[in-house]
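Reading through the structure tokens given below for one structure.
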Amino acid sequence: MNALEVKNLSKSFGRIKAVDNASFGVPEGSIFGLIGRNGAGKTTTIRMMMNIYTPDSGEVHLRGTKVDKSFKDKVGYLPEERGLYKKMKVLDTLLFFAEIKGKTGKEIEKKAKYYLQRFDLKDRAASKIEDLSKGNQQKIQFISTVLHEPEFIILDEPFSGLDPINTNLLREIIIEMKDKGKVIIFSTHLMDFAEKMCDHIAMIENGKIILNGELSEIKKRFSQRNISLTHEGNLSFLKGHPIIDKIDDFGNTTGIRVKQPDQTQELLKLLIENNIVVKKFDANDISLHEIFVQVAGKGPDSEFLRGGANA
Amino acid sequence: MLNSKIIAVIKRELRDKLLSKTFIFMTVLIPVFMVGILALQTLFMSIDGDENTKLEIVSELDQARLKVDEDLAYRDFVKNQNYKISYKVMSAENFEDYLNEKKSSLLSGELTGIIFIPETALKDKSVQYYSKNPSNNSVFSKIRPSINKALVDIYFAEKSLSDTEIQFARDRVDIQEFRVSKDEGVKEEGVGNRILSFLFTFLLYLSLIILGTMVMRSVVEEKNNRIVEILLSSVDAKDLMTGKILGNAIIGLAQMTIWLSPVMLLISTSFFVLPPEFVVNLNPGQLLYFLLNYFIGLITFLGLFASVGAIFDNDQDAQSGIWPVMMLIMIPFFISFSMANNPDNSLATIASMFPFASIIVMPARLTLIDVPLWQLALSFIINLAVIFAIFPIAGKIYRIGILMTGKKPKWSEVIKWIRE
């Protein structure tokens with residue numbers, strides 16, 4: 001069952017159509033990835049899901065009913081560009097963000113202190129935000145995203161600008177939240193990362209959803225006739241070969257698509273005959289990169305495809 | 001209307017500002033600043049810069065010379081040698097030559113000036129003053145009474161009048177001001193209320209601008225460092241704006257109450273005895289009206305400042321974009337001062353019931369004349385109507401502007417947002 005259902009959302013800014021009739025479902029208990037390059041419409045979609053923007057048309061349904069104001073209390077949101085009140089004290093900041101989510105009282109304060117201790121910030125509770133390091137400010141941001149026990153956690157490009165320690169920390173939080181049964185929604189342009197963490201995805205390009213569903217299903221669907229190859233040697237002899245449909249060089253690996261599913265063995269034979277050193281030959285495997293290239297029809301040279309390196 | 005989220009935002013604003021050093025500083029500093037300006041002005045006015053004034057008083061009449069000398073000799077500025085005055089008697093024909101003779105010393109400043117009292121002065125009280133700097137008021141104000149006295153004495157001496165009669169002729173007319181009002185009967189009016197009207201006008205002007213700018217800055221800050229995105233994932237834009245404005249309006253009201261507490265003490269107790277000319281005619285009802293009017297004014301103007309803040313994402317752009325709102329505060333401010341001469345002028349009457357202007361003009365007008373109750377009520381209703389009229393628009397600008405980043409929007413685009 002889908003916890004959230006996005007139905008035909010559209011939003012324009014002036015003449016630019018930021019989101020164009022987007023529909024997808026976010027299943028219960030899933031880690032959902034909204035994937036697309038910068039400017040594809042991810043943030044606008046997310047903002048409409050949280051009722052920050054009113055859509056020009058379309059609706060978002062929460063477990064069967066249209067979302068209203070109360071949905072905001074159920075969401076923990078970590079925006080891409082994060083800000084805190086610089087002059088506010090750490091604990092006050094956390095309690096304020098919980099309070100505007102409708103959570104007050106001793107319980108929340110206790111919990112805030114627990115998180116501060118867990119993130120080694122116990123002694124900074126009375127410090128001003130501006131006196132914290134950038135990494136520690138990010139930690140405060142994570143805590144304020146989950147402190148009020150949201151059912152949905154929406155993370156917009158969560159790993160941009162994080163140091164390795166905080167990257168791991170956030171990953172830990174995400175897994176922990178998933179184990180608690182929360183729905184986690186990512187928006188990211190980092191394909192490798194999405195591939196590792198998400199179980200469901202929606203791909204967005206120029207405001208349109210070009211692909212969505214369960215990741216393993218999608219991979220299965222796209223992986224037929226696909227071989228992921230790691231090798232040494234020159235593959236130029238394959239160009240124009242009758243069994244080859246397409247070759248994409250991704251650097252470390254090469255994606256090869258044959259014309260018929262039963263031609264994979266033939267390809268392997270062909271490689272060996274041509275003195276190619278095959279280090280890894282993965283039939284019926286495809287990366288999210290490759291899927292995107294196929295669906296969006298864009299070359300792998302875009303910034304978006306290379307962005308996965310640090311995820 | 002108030003929900004827990006608005007209250008949370010209000011609480012944050014209060015905690016952020018009410019306990020801040022800036023607030024405490026401003027609350028103390030503005031009265032000090034205003035008193036300081038008054039004191040400086042008085043100080044500068046008292047500096048005449050007329051030490052070492054050398055005057056010659058030339059008279060056609062020996063009697064006039066004697067009388068003037070007699071009177072001036074007792075004045076402080078002669079006794080302490082600030083003014084050195086010499087006297088001559090000569091006819092008008094001779095004076096012309098004499099003036100030519102003295103021209104060089106007048107130009108070199110060796111001699112400050114020559115006053116010539118012709119015989120005709122006994123008829124028309126007209127004397128002549130020759131100087132490099134003839135419009136020097138401090139010289140005149142010091143010498144004039146003595147000359148006047150001498151001329152009056154000589155004139156009436158021939159008419160065989162008593163000293164008291166002469167004294168009467170010498171006196172200036174002293175106008176005592178009485179205010180006629182409906183319910184309190186006739187009361188003597190001093191400058192107390194005039195000072196109060198200046199005070200009201202100044203406080204309204206200063207605090208609207210200072211608080212407004214503070215709110216605008218905090219909106220720009222929230223927009224600029226993107227806190228607003230987290231806020232909006234929790235709170236509606238409308239609630240956020242409402243909380244922010246109400247929070248700051250409460251802060252402003254607290255500040256004004258502190259500033260006005262001396263006035264309240266003054267009118268509610270007889271503990272302080274003011275000299276009669278400074279007595280303030282104000283009843284607690286009027287003071288309450290002032291505070292209520294101020295609160296409404298705050299909500300109106302803070303709304304405008306907040307929405308302008310939301311249009312821009314840096315302070316400089318916001319500062320230059322705020323001028324239409326500033327005009328709405330400054331023009332009434334000047335109108336309010338125009339009432340010093342005649343509080344009942346028609347411009348002030350209209351302005352005191354005009355949208356936006358009423359907030360600044362009415363309180364000042366209230367202190368100066370008896371404003372009919374219907375006018376007070378009307379201005380109050382108009383002010384409320386303004387709030388209901390502008391808030392949907394200001395709210396829309398705020399809601400759309402707060403998430404717009406990048407290029408500075410043109411006014412035409414802002415108008416498009418309103419129509420959206």
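Residue numbering restarts at 1 in every chain; chains get A, B, ... in the order shown in the structure tokens, and ligands count up from 1 in that same order.
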Give me the residues of chain B that have any atom at most 6 Å from an atom of chain A; for each, the nearest atom pair and the distance in Å, rounded to one decimal. Use only C-alpha atoms, sort by chain and number, and format it as a tab-separated table.
```
residue	atom	partner	partner_atom	distance
B:Lys5	CA	A:Ile100	CA	5.2
B:Asn225	CA	A:Gly83	CA	5.1
B:Arg226	CA	A:Gly83	CA	5.1
B:Ile227	CA	A:Gly83	CA	4.5
B:Leu232	CA	A:Ile52	CA	6.0
B:Ser233	CA	A:Lys72	CA	5.9
B:Ser234	CA	A:Lys72	CA	5.1
```
Can I get the selected residues back with all heavy atoms, as an mmCIF file, in the first residue's frame?
```cif
data_model
loop_
_atom_site.group_PDB
_atom_site.id
_atom_site.type_symbol
_atom_site.label_atom_id
_atom_site.label_comp_id
_atom_site.auth_asym_id
_atom_site.auth_seq_id
_atom_site.Cartn_x
_atom_site.Cartn_y
_atom_site.Cartn_z
ATOM 1 N N LYS B 5 0.874 27.137 16.645
ATOM 2 C CA LYS B 5 2.079 27.425 15.866
ATOM 3 C C LYS B 5 2.370 28.917 15.841
ATOM 4 O O LYS B 5 3.522 29.340 15.941
ATOM 5 C CB LYS B 5 1.914 26.903 14.444
ATOM 6 C CG LYS B 5 1.736 25.403 14.455
ATOM 7 C CD LYS B 5 1.875 24.782 13.115
ATOM 8 C CE LYS B 5 1.790 23.275 13.305
ATOM 9 N NZ LYS B 5 2.100 22.546 12.104
ATOM 10 N N ASN B 225 19.102 32.835 4.732
ATOM 11 C CA ASN B 225 19.805 31.622 5.170
ATOM 12 C C ASN B 225 18.903 30.385 5.147
ATOM 13 O O ASN B 225 19.256 29.348 5.687
ATOM 14 C CB ASN B 225 20.490 31.823 6.519
ATOM 15 C CG ASN B 225 19.510 31.966 7.649
ATOM 16 O OD1 ASN B 225 18.331 31.673 7.494
ATOM 17 N ND2 ASN B 225 19.982 32.389 8.791
ATOM 18 N N ARG B 226 17.738 30.544 4.509
ATOM 19 C CA ARG B 226 16.859 29.406 4.199
ATOM 20 C C ARG B 226 16.257 28.707 5.400
ATOM 21 O O ARG B 226 15.785 27.587 5.286
ATOM 22 C CB ARG B 226 17.605 28.340 3.358
ATOM 23 C CG ARG B 226 18.334 28.880 2.184
ATOM 24 C CD ARG B 226 17.379 29.583 1.250
ATOM 25 N NE ARG B 226 18.091 30.288 0.208
ATOM 26 C CZ ARG B 226 18.396 29.765 -0.953
ATOM 27 N NH1 ARG B 226 18.029 28.560 -1.240
ATOM 28 N NH2 ARG B 226 19.050 30.478 -1.850
ATOM 29 N N ILE B 227 16.253 29.376 6.554
ATOM 30 C CA ILE B 227 15.519 28.784 7.679
ATOM 31 C C ILE B 227 14.068 28.665 7.274
ATOM 32 O O ILE B 227 13.348 27.760 7.685
ATOM 33 C CB ILE B 227 15.567 29.691 8.920
ATOM 34 C CG1 ILE B 227 16.998 29.944 9.334
ATOM 35 C CG2 ILE B 227 14.797 29.084 10.068
ATOM 36 C CD1 ILE B 227 17.120 31.000 10.386
ATOM 37 N N LEU B 232 8.544 26.688 6.918
ATOM 38 C CA LEU B 232 7.338 26.479 6.113
ATOM 39 C C LEU B 232 6.962 25.009 6.003
ATOM 40 O O LEU B 232 5.834 24.680 5.657
ATOM 41 C CB LEU B 232 7.531 27.079 4.717
ATOM 42 C CG LEU B 232 7.565 28.606 4.674
ATOM 43 C CD1 LEU B 232 7.728 29.086 3.252
ATOM 44 C CD2 LEU B 232 6.318 29.206 5.286
ATOM 45 N N SER B 233 7.928 24.115 6.292
ATOM 46 C CA SER B 233 7.545 22.708 6.298
ATOM 47 C C SER B 233 6.771 22.378 7.574
ATOM 48 O O SER B 233 6.256 21.281 7.734
ATOM 49 C CB SER B 233 8.776 21.809 6.174
ATOM 50 O OG SER B 233 9.478 21.760 7.398
ATOM 51 N N SER B 234 6.728 23.347 8.501
ATOM 52 C CA SER B 234 6.019 23.126 9.761
ATOM 53 C C SER B 234 4.847 24.067 9.941
ATOM 54 O O SER B 234 3.838 23.726 10.546
ATOM 55 C CB SER B 234 6.972 23.340 10.942
ATOM 56 O OG SER B 234 8.208 22.735 10.701
#
```
Write out as an NGL selection string each polymer residue whose atoms come within 8 Å of B:Ala351, counting only C-alpha atoms; drop sequence neighbours fewer than 3 positions from it.
-> :B and (332 or 335 or 347-348 or 354-355 or 357-358 or 361-362)
Output the selection as a PDB file, in the first residue's frame - N, CA and C atoms for each residue.
```
ATOM      1  N   PRO B 332       3.117  61.710   6.878  1.00  0.00           N
ATOM      2  CA  PRO B 332       2.317  62.048   8.058  1.00  0.00           C
ATOM      3  C   PRO B 332       3.144  62.689   9.170  1.00  0.00           C
ATOM      4  N   ILE B 335       3.324  66.267   8.329  1.00  0.00           N
ATOM      5  CA  ILE B 335       2.005  66.883   8.520  1.00  0.00           C
ATOM      6  C   ILE B 335       1.764  67.118  10.007  1.00  0.00           C
ATOM      7  N   LEU B 347      -5.540  70.325   6.490  1.00  0.00           N
ATOM      8  CA  LEU B 347      -4.665  69.221   6.076  1.00  0.00           C
ATOM      9  C   LEU B 347      -4.534  68.203   7.217  1.00  0.00           C
ATOM     10  N   ALA B 348      -4.287  68.751   8.420  1.00  0.00           N
ATOM     11  CA  ALA B 348      -4.116  67.868   9.572  1.00  0.00           C
ATOM     12  C   ALA B 348      -5.411  67.136   9.878  1.00  0.00           C
ATOM     13  N   PHE B 354      -7.085  59.805   7.549  1.00  0.00           N
ATOM     14  CA  PHE B 354      -6.715  59.230   6.264  1.00  0.00           C
ATOM     15  C   PHE B 354      -5.975  57.916   6.506  1.00  0.00           C
ATOM     16  N   PRO B 355      -6.204  56.907   5.650  1.00  0.00           N
ATOM     17  CA  PRO B 355      -5.488  55.648   5.850  1.00  0.00           C
ATOM     18  C   PRO B 355      -3.980  55.879   6.007  1.00  0.00           C
ATOM     19  N   ALA B 357      -1.893  57.659   7.358  1.00  0.00           N
ATOM     20  CA  ALA B 357      -1.488  58.916   7.987  1.00  0.00           C
ATOM     21  C   ALA B 357      -2.108  59.060   9.367  1.00  0.00           C
ATOM     22  N   SER B 358      -3.334  58.605   9.488  1.00  0.00           N
ATOM     23  CA  SER B 358      -4.075  58.732  10.732  1.00  0.00           C
ATOM     24  C   SER B 358      -3.294  58.219  11.942  1.00  0.00           C
ATOM     25  N   VAL B 361      -0.813  61.078  12.738  1.00  0.00           N
ATOM     26  CA  VAL B 361      -1.330  62.436  12.909  1.00  0.00           C
ATOM     27  C   VAL B 361      -2.354  62.530  14.040  1.00  0.00           C
ATOM     28  N   MET B 362      -3.226  61.523  14.132  1.00  0.00           N
ATOM     29  CA  MET B 362      -4.307  61.635  15.119  1.00  0.00           C
ATOM     30  C   MET B 362      -3.817  61.793  16.564  1.00  0.00           C
TER      31      MET B 362
END
```
Name the closest residue to B:Arg12 among the candidates B:Leu287, B:Ile30, B:Met264, B:Leu240; distances are taken between atoms, counting only C-alpha atoms.
-> B:Leu240
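Taking atom CA of A:Leu267 and atom CA of A:Leu238 as the two end points, the separation is 9.2 Å.
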Using only C-alpha atoms, which residues sit within 9 Å of A:Leu211 once same-chain residues fewer than 6 positions away are excluded, as a ChimeraX atom specification?
-> /A:201-204,218,292,295
Per-residue DSSP, stretch 1-212 of chain A, filtered to helix (DSSP H, G or I), as a PyMOL selection string = chain A and resi 42-49+71-74+90-99+106-118+122-124+129-131+134-146+164-179+191-197
re atom CA of B:Lys88 and atom CA of B:Gln167: distance 27.5 Å
All strand (DSSP E) positions in stretch 80-308 of chain A, as a count of residues only = 49
